[in-house]
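Visitor: What follows is target_38.tsv, TSV, C-alpha atoms and all ligand atoms.
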```
chain	number	residue	atom	x	y	z
D	29	MET	CA	0.00	0.00	0.00
D	30	LYS	CA	2.75	2.35	1.02
D	31	LYS	CA	4.54	1.65	-2.23
D	32	VAL	CA	1.45	2.44	-4.29
D	33	LEU	CA	0.90	5.69	-2.42
D	34	CYS	CA	4.52	6.61	-2.88
D	35	LEU	CA	4.32	5.88	-6.59
D	36	ALA	CA	1.11	7.88	-6.89
D	37	ALA	CA	2.75	10.77	-5.07
D	38	SER	CA	5.79	10.75	-7.31
D	39	VAL	CA	3.64	10.57	-10.45
D	40	LEU	CA	1.65	13.53	-9.15
D	41	MET	CA	4.84	15.41	-8.46
D	42	MET	CA	6.14	14.72	-11.94
D	43	VAL	CA	2.88	15.82	-13.51
D	44	SER	CA	2.87	19.06	-11.56
D	45	LEU	CA	6.53	19.65	-12.38
D	46	VAL	CA	5.84	19.22	-16.08
D	47	ALA	CA	2.79	21.47	-15.85
D	48	CYS	CA	4.84	24.04	-14.01
D	49	THR	CA	7.75	24.03	-16.41
D	50	SER	CA	5.62	24.28	-19.51
D	51	LYS	CA	3.84	27.28	-17.98
D	52	THR	CA	6.97	29.17	-17.01
D	53	ASP	CA	8.54	28.33	-20.37
D	54	GLU	CA	5.99	30.57	-22.00
D	55	LEU	CA	5.56	34.30	-21.87
D	56	VAL	CA	1.93	35.07	-22.65
D	57	MET	CA	1.33	38.48	-24.20
D	58	ALA	CA	-2.22	39.83	-24.17
D	59	THR	CA	-2.86	42.24	-27.03
D	60	ASN	CA	-5.45	43.58	-29.46
D	61	ALA	CA	-4.04	43.23	-32.96
D	62	GLU	CA	-5.99	46.18	-34.38
D	63	PHE	CA	-3.43	48.86	-33.69
D	64	PRO	CA	-0.94	49.38	-36.51
D	65	PRO	CA	2.04	49.77	-36.43
D	66	TYR	CA	2.20	48.39	-32.85
D	67	GLU	CA	0.17	45.20	-33.41
D	68	TYR	CA	-1.78	44.13	-36.46
D	69	HIS	CA	-2.53	41.16	-38.67
D	70	GLN	CA	-0.31	40.43	-41.63
D	71	GLY	CA	-1.65	37.36	-43.40
D	72	ASP	CA	-2.16	34.83	-40.62
D	73	LYS	CA	0.50	36.43	-38.42
D	74	ILE	CA	0.37	39.13	-35.77
D	75	VAL	CA	3.24	41.57	-36.25
D	76	GLY	CA	4.31	45.03	-35.13
D	77	ILE	CA	6.50	47.04	-32.77
D	78	ASP	CA	4.99	45.60	-29.57
D	79	VAL	CA	5.26	42.05	-30.89
D	80	GLU	CA	8.96	42.50	-31.63
D	81	ILE	CA	9.63	44.21	-28.30
D	82	CYS	CA	7.87	41.40	-26.45
D	83	GLN	CA	9.72	38.79	-28.52
D	84	ALA	CA	13.01	40.42	-27.54
D	85	ILE	CA	11.95	40.40	-23.87
D	86	ALA	CA	10.96	36.72	-24.13
D	87	ASP	CA	14.33	35.93	-25.76
D	88	GLU	CA	16.11	37.77	-22.96
D	89	MET	CA	14.20	35.68	-20.42
D	90	GLY	CA	14.65	32.42	-22.32
D	91	ARG	CA	10.90	31.98	-22.67
D	92	LYS	CA	8.68	31.26	-25.64
D	93	LEU	CA	6.40	34.12	-26.70
D	94	VAL	CA	2.71	33.25	-26.95
D	95	ILE	CA	0.36	35.94	-28.31
D	96	GLU	CA	-3.25	36.06	-27.11
D	97	ASP	CA	-5.31	38.37	-29.33
D	98	MET	CA	-8.41	39.74	-27.57
D	99	GLY	CA	-10.70	42.75	-27.28
D	100	PHE	CA	-8.83	45.83	-26.09
D	101	ASP	CA	-10.98	46.13	-22.99
D	102	SER	CA	-10.07	42.56	-21.87
D	103	ILE	CA	-6.30	43.09	-21.82
D	104	ILE	CA	-5.92	44.61	-18.34
D	105	THR	CA	-8.33	42.04	-16.86
D	106	SER	CA	-6.41	39.15	-18.36
D	107	VAL	CA	-3.18	40.42	-16.77
D	108	TYR	CA	-4.94	41.17	-13.50
D	109	THR	CA	-6.41	37.65	-13.32
D	110	GLY	CA	-3.14	35.97	-14.35
D	111	LYS	CA	-4.47	34.61	-17.67
D	112	ALA	CA	-1.70	36.51	-19.44
D	113	ASP	CA	1.76	37.46	-18.16
D	114	LEU	CA	2.01	40.79	-19.94
D	115	GLY	CA	-0.34	43.31	-21.51
D	116	VAL	CA	1.45	44.79	-24.52
D	117	ALA	CA	-0.86	46.88	-26.69
D	118	GLY	CA	0.35	50.45	-26.93
D	119	LEU	CA	-1.04	50.72	-23.40
D	120	THR	CA	-0.95	54.22	-22.00
D	121	ILE	CA	0.05	54.59	-18.35
D	122	THR	CA	-2.91	56.03	-16.41
D	123	GLU	CA	-3.61	56.43	-12.70
D	124	ASP	CA	-6.81	54.50	-13.10
D	125	ARG	CA	-5.13	51.45	-14.65
D	126	LEU	CA	-2.41	51.55	-11.99
D	127	LYS	CA	-5.07	50.70	-9.41
D	128	ASN	CA	-5.33	47.20	-10.91
D	129	ILE	CA	-1.97	46.45	-12.52
D	130	ASN	CA	1.63	47.68	-12.55
D	131	PHE	CA	3.34	49.27	-15.51
D	132	SER	CA	6.91	48.71	-16.66
D	133	THR	CA	9.18	51.64	-17.44
D	134	PRO	CA	7.81	53.43	-20.52
D	135	TYR	CA	9.09	52.34	-23.94
D	136	ALA	CA	7.42	54.94	-26.18
D	137	LYS	CA	5.85	58.39	-26.20
D	138	ALA	CA	2.50	58.92	-27.85
D	139	THR	CA	-0.31	61.42	-28.26
D	140	GLN	CA	-4.04	61.19	-28.80
D	141	VAL	CA	-4.81	63.04	-32.00
D	142	ILE	CA	-7.97	64.14	-33.75
D	143	ILE	CA	-8.76	62.82	-37.23
D	144	VAL	CA	-11.25	64.83	-39.28
D	145	SER	CA	-12.29	65.10	-42.91
D	146	GLU	CA	-10.27	67.55	-45.05
D	147	ASP	CA	-13.12	70.11	-45.09
D	148	SER	CA	-13.92	69.93	-41.36
D	149	ASP	CA	-14.52	73.03	-39.21
D	150	ILE	CA	-12.68	71.29	-36.33
D	151	LYS	CA	-9.26	73.00	-36.23
D	152	SER	CA	-8.23	72.36	-32.61
D	153	PRO	CA	-9.33	70.34	-29.55
D	154	ASP	CA	-11.47	73.34	-28.46
D	155	ASP	CA	-13.70	72.87	-31.51
D	156	LEU	CA	-14.81	69.41	-30.32
D	157	VAL	CA	-17.51	70.81	-28.01
D	158	GLY	CA	-20.91	69.35	-28.92
D	159	LYS	CA	-19.51	67.15	-31.71
D	160	THR	CA	-20.06	63.45	-32.40
D	161	ILE	CA	-16.75	61.70	-31.78
D	162	GLY	CA	-15.72	58.14	-32.54
D	163	VAL	CA	-13.34	56.23	-30.27
D	164	GLN	CA	-12.23	52.69	-29.58
D	165	THR	CA	-13.94	51.30	-26.48
D	166	GLY	CA	-11.87	51.46	-23.30
D	167	THR	CA	-8.97	53.44	-24.74
D	168	THR	CA	-7.65	56.69	-23.31
D	169	GLY	CA	-9.25	58.38	-26.34
D	170	ASP	CA	-12.59	57.05	-25.05
D	171	VAL	CA	-11.93	58.13	-21.45
D	172	TYR	CA	-10.73	61.66	-22.26
D	173	ALA	CA	-13.24	62.33	-25.02
D	174	ALA	CA	-16.03	61.60	-22.53
D	175	ASP	CA	-14.98	64.77	-20.65
D	176	ILE	CA	-15.58	67.07	-23.62
D	177	GLU	CA	-18.56	69.35	-23.11
D	178	LYS	CA	-21.84	68.21	-24.72
D	179	VAL	CA	-20.00	65.55	-26.67
D	180	LYS	CA	-21.78	62.61	-28.27
D	181	LEU	CA	-19.52	59.55	-28.11
D	182	GLU	CA	-19.71	56.68	-30.56
D	183	ARG	CA	-17.74	53.66	-29.32
D	184	TYR	CA	-16.31	51.03	-31.69
D	185	ASN	CA	-14.53	47.71	-31.08
D	186	LYS	CA	-11.76	48.63	-33.49
D	187	GLY	CA	-10.14	51.99	-34.17
D	188	PHE	CA	-10.44	51.20	-37.87
D	189	GLU	CA	-14.23	51.02	-37.55
D	190	ALA	CA	-14.31	54.52	-36.06
D	191	VAL	CA	-12.27	55.81	-39.00
D	192	GLN	CA	-14.64	54.07	-41.42
D	193	ALA	CA	-17.64	55.78	-39.74
D	194	LEU	CA	-15.85	59.11	-40.22
D	195	THR	CA	-15.33	58.51	-43.93
D	196	GLN	CA	-19.04	57.64	-44.18
D	197	GLY	CA	-19.97	60.95	-42.55
D	198	LYS	CA	-21.58	59.27	-39.54
D	199	ILE	CA	-19.37	61.09	-37.02
D	200	ASP	CA	-17.45	64.41	-36.94
D	201	ALA	CA	-14.05	63.24	-35.66
D	202	VAL	CA	-12.06	60.29	-34.31
D	203	ILE	CA	-9.79	60.52	-31.29
D	204	ILE	CA	-7.05	57.89	-31.49
D	205	ASP	CA	-3.32	57.36	-30.91
D	206	ASN	CA	-0.99	59.24	-33.27
D	207	GLU	CA	0.73	56.31	-34.99
D	208	PRO	CA	-2.40	54.33	-35.94
D	209	ALA	CA	-3.92	57.69	-36.94
D	210	LYS	CA	-1.07	58.24	-39.42
D	211	VAL	CA	-1.57	54.77	-40.85
D	212	TYR	CA	-5.34	55.28	-41.33
D	213	VAL	CA	-5.01	58.80	-42.74
D	214	SER	CA	-2.35	57.64	-45.23
D	215	GLN	CA	-4.95	55.21	-46.59
D	216	ASN	CA	-7.66	57.91	-46.98
D	217	ASP	CA	-7.12	61.03	-49.10
D	218	GLU	CA	-10.16	62.77	-47.62
D	219	LEU	CA	-8.90	62.58	-44.02
D	220	LYS	CA	-6.35	64.63	-42.07
D	221	ILE	CA	-4.94	64.91	-38.55
D	222	VAL	CA	-5.57	68.17	-36.63
D	223	ASP	CA	-2.21	69.87	-35.87
D	224	GLU	CA	-2.69	70.27	-32.13
D	225	ALA	CA	-2.66	66.96	-30.22
D	226	PHE	CA	-5.40	66.15	-27.73
D	227	THR	CA	-3.20	64.57	-25.00
D	228	GLU	CA	0.41	63.45	-24.41
D	229	GLU	CA	0.98	59.92	-23.12
D	230	GLU	CA	3.51	57.16	-22.55
D	231	TYR	CA	3.25	53.48	-23.43
D	232	ALA	CA	4.34	50.76	-21.03
D	233	ILE	CA	3.84	47.04	-20.43
D	234	ALA	CA	1.19	45.87	-17.94
D	235	VAL	CA	2.23	43.28	-15.31
D	236	ALA	CA	0.15	41.81	-12.46
D	237	LYS	CA	0.53	43.73	-9.21
D	238	GLU	CA	2.00	40.95	-7.08
D	239	ASN	CA	4.47	39.87	-9.76
D	240	ASP	CA	7.46	42.06	-8.91
D	241	GLU	CA	9.93	39.47	-10.15
D	242	LEU	CA	8.44	39.57	-13.65
D	243	LEU	CA	8.19	43.37	-13.53
D	244	ASN	CA	11.92	43.58	-12.71
D	245	GLU	CA	12.79	41.17	-15.51
D	246	VAL	CA	10.72	43.18	-17.99
D	247	ASN	CA	12.26	46.46	-16.84
D	248	SER	CA	15.79	45.16	-17.15
D	249	ALA	CA	15.03	43.73	-20.60
D	250	ILE	CA	13.61	47.13	-21.68
D	251	ALA	CA	16.72	48.88	-20.30
D	252	LYS	CA	18.93	46.54	-22.33
D	253	LEU	CA	16.88	47.09	-25.48
D	254	LYS	CA	17.21	50.85	-25.04
D	255	GLU	CA	20.96	50.69	-24.36
D	256	SER	CA	21.80	48.38	-27.23
D	257	GLY	CA	19.81	50.44	-29.73
D	258	LYS	CA	17.58	47.44	-30.49
D	259	LEU	CA	14.45	49.31	-29.38
D	260	ASP	CA	15.13	52.15	-31.85
D	261	GLU	CA	15.89	49.60	-34.52
D	262	ILE	CA	12.48	47.93	-34.02
D	263	VAL	CA	10.64	51.27	-33.99
D	264	ASN	CA	12.45	52.51	-37.12
D	265	LYS	CA	11.50	49.35	-38.96
D	266	TYR	CA	7.81	50.28	-38.63
D	267	ILE	CA	7.83	54.09	-38.35
D	268	SER	CA	9.78	56.16	-40.84
D	269	ALA	CA	11.23	59.41	-39.49
D	270	ASP	CA	9.66	61.53	-42.23
D	271	ASN	CA	5.98	60.87	-41.53
E	1	LIG	N1	-3.00	54.08	-25.97
E	1	LIG	C1	-4.39	53.85	-25.89
E	1	LIG	C2	-4.75	53.27	-24.55
E	1	LIG	O1	-3.91	52.76	-23.87
E	1	LIG	C3	-4.92	52.96	-27.00
E	1	LIG	C4	-4.26	51.64	-27.10
E	1	LIG	C5	-4.90	50.69	-28.13
E	1	LIG	O2	-5.92	50.98	-28.71
E	1	LIG	N2	-4.28	49.56	-28.32
E	1	LIG	O3	-5.87	53.32	-24.13
```
Please express what this file holds, its structure, as structure tokens.
Ligand code: GLN

Guide:
Amino acid sequence: MKKVLCLAASVLMMVSLVACTSKTDELVMATNAEFPPYEYHQGDKIVGIDVEICQAIADEMGRKLVIEDMGFDSIITSVYTGKADLGVAGLTITEDRLKNINFSTPYAKATQVIIVSEDSDIKSPDDLVGKTIGVQTGTTGDVYAADIEKVKLERYNKGFEAVQALTQGKIDAVIIDNEPAKVYVSQNDELKIVDEAFTEEEYAIAVAKENDELLNEVNSAIAKLKESGKLDEIVNKYISADN
């Protein structure tokens, strides 16, 4: 009997060891691949600046990168609940998000900009009062646009859908991050970006609050990527200096 128990115990131990190793071998990145040039679909692949940064972090840690593509508003929750290790999605550091998760050191600067049609009377953020504005649900664009006086907000699952609604004349403007804005405007002759930005922000990687070890590993990997010039190299591959 003792022998059987012992065997059962060692089998159990082995199973849990295997389960454990396979889990820690992976680095699960939660993202929303609707945000060019940071993360987007190319054929059947998800590519972009964040994907390459996270791949470099995974390499540094000796772990295999696994990408989980989900709705933008599920990313923080999946990190918070431990379903994903990292949230990497052009995530802006905000006080509100910091209540639930930690952020790494920033790896990029960004702005929220206003996209309008070429003939729009919206020339600055002040002109947004009382307008119908499209945003992507749960983004900082959504949060900050909600504070505009008498605004009517239209929320979309994808930033691209907001831009489409603008081209169809259903809304007056879109508030979205500057780099995806440039990508969308470059695909539409009738759209432009208002000169004055709406907000200034910084992107960082979301890590679960209690996971300081992982946060430290991510921060030291980011520091190395900055020092070696690899971070700039990744960014320059996707964003040309002249646009
Ligand atoms: N930077 C914005 C935010 O964090 C939008 C990010 C995104 O749409 N992926 O809310």

Visitor: Please identify all protein, DNA and RNA residues within 6 Å of ligand LIG 1 (chain E), counting all atoms listed in the file, and report them as a list in words.

Guide: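 Result of the 6 Å neighbour search around ligand LIG 1 (chain E): Phe63, Ala117, Gly118, Leu119, Thr120, Thr167, Thr168 and Asp205 of chain D.
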
Visitor: To one decimal place in Å, what is the distance between atom CA of D:Ile129 and atom CA of D:Val211?

Guide: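 These two atoms are separated by 29.5 Å.
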
Visitor: When you look at D:Gln140 with a cut-off of 8 Å (counting only C-alpha atoms), what residues show up, excluding the ones that are within fewer than 4 positions of it in the same chain? I need them as a list of chain:residue names.

Guide: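 The filter keeps D:Thr168, D:Gly169, D:Ile203, D:Ile204, D:Asp205, D:Asn206, D:Ala225, D:Phe226, D:Thr227, D:Glu228, D:Glu229.
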
Visitor: I'd like to know which of D:Ala236, D:Ile199, D:Leu93, D:Ile250 is closest to D:Lys111, using only C-alpha atoms.

Guide: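 Among the listed residues, the smallest separation from D:Lys111 belongs to D:Ala236.
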
Visitor: Using all atoms listed in the file, which of D:Ala84, D:Glu224, D:Gln70, D:Ala193 sits nearest D:Asp154?

Guide: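 Closest to D:Asp154 of all the choices is D:Glu224.
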
Visitor: Check the smallest atom-to-atom distance from each of D:Ile161, D:Ala201, D:Leu253, D:Met57 to D:Val144 using all atoms listed in the file, then report the winner.

Guide: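 Nearest to D:Val144: D:Ala201.
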
Visitor: Taking all atoms listed in the file into account, name the residue in D:Asp170, D:Leu181, D:Leu259, D:Glu207 that is nearest to D:Tyr66.

Guide: D:Glu207

Visitor: Please list as a PDB file with C-alpha atoms, in the frame of the given file every residue within 7 Å of D:Ser145, counting only C-alpha atoms and excluding residues in the same chain fewer than 5 positions away.

Guide:
```pdb
ATOM      1  CA  GLU D 218     -10.160  62.770 -47.620  1.00  0.00           C
ATOM      2  CA  LEU D 219      -8.900  62.580 -44.020  1.00  0.00           C
ATOM      3  CA  LYS D 220      -6.350  64.630 -42.070  1.00  0.00           C
TER       4      LYS D 220
END
```

Visitor: Determine the nearest neighbour of D:Ile262 from the options D:Asp53, D:Glu96, D:Glu80, D:Glu146, counting all atoms listed in the file.

Guide: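 Result for the nearest residue to D:Ile262: D:Glu80.
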
Visitor: Which residue out of D:Val107, D:Ala112, D:Ala232, D:Ala251 has the minimum interatomic distance to D:Asp78 when only C-alpha atoms are used?

Guide: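 For D:Asp78, the nearest of the candidates is D:Ala232.
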
Visitor: Counting only C-alpha atoms, note down every residue that has an atom within 12 Å of the point (-2.4, 55.1, -15.9) (file coordinates), as a count of residues only.

Guide: 25

Visitor: So how many Å separate atom CA of D:Val141 and atom CA of D:Val246, to one decimal?

Guide: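 Here the two named atoms are 28.8 Å from each other.
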
Visitor: Would you compute the distance between atom CA of D:Thr59 and atom CA of D:Ile74? Give it in Å to one decimal.

Guide: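 Computed distance, atom CA of D:Thr59 to atom CA of D:Ile74, equals 9.8 Å.
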
Visitor: Pick out the residues sitting within 8 Å of D:Leu156, and hand them over as a CSV table (one decimal) with C-alpha atoms, in the coordinates of the input; count all atoms listed in the file, and ignore anything fewer than 3 positions along from it in its own chain.

Guide:
```csv
chain,number,residue,atom,x,y,z
D,150,ILE,CA,-12.7,71.3,-36.3
D,152,SER,CA,-8.2,72.4,-32.6
D,153,PRO,CA,-9.3,70.3,-29.6
D,159,LYS,CA,-19.5,67.2,-31.7
D,176,ILE,CA,-15.6,67.1,-23.6
D,179,VAL,CA,-20.0,65.6,-26.7
```
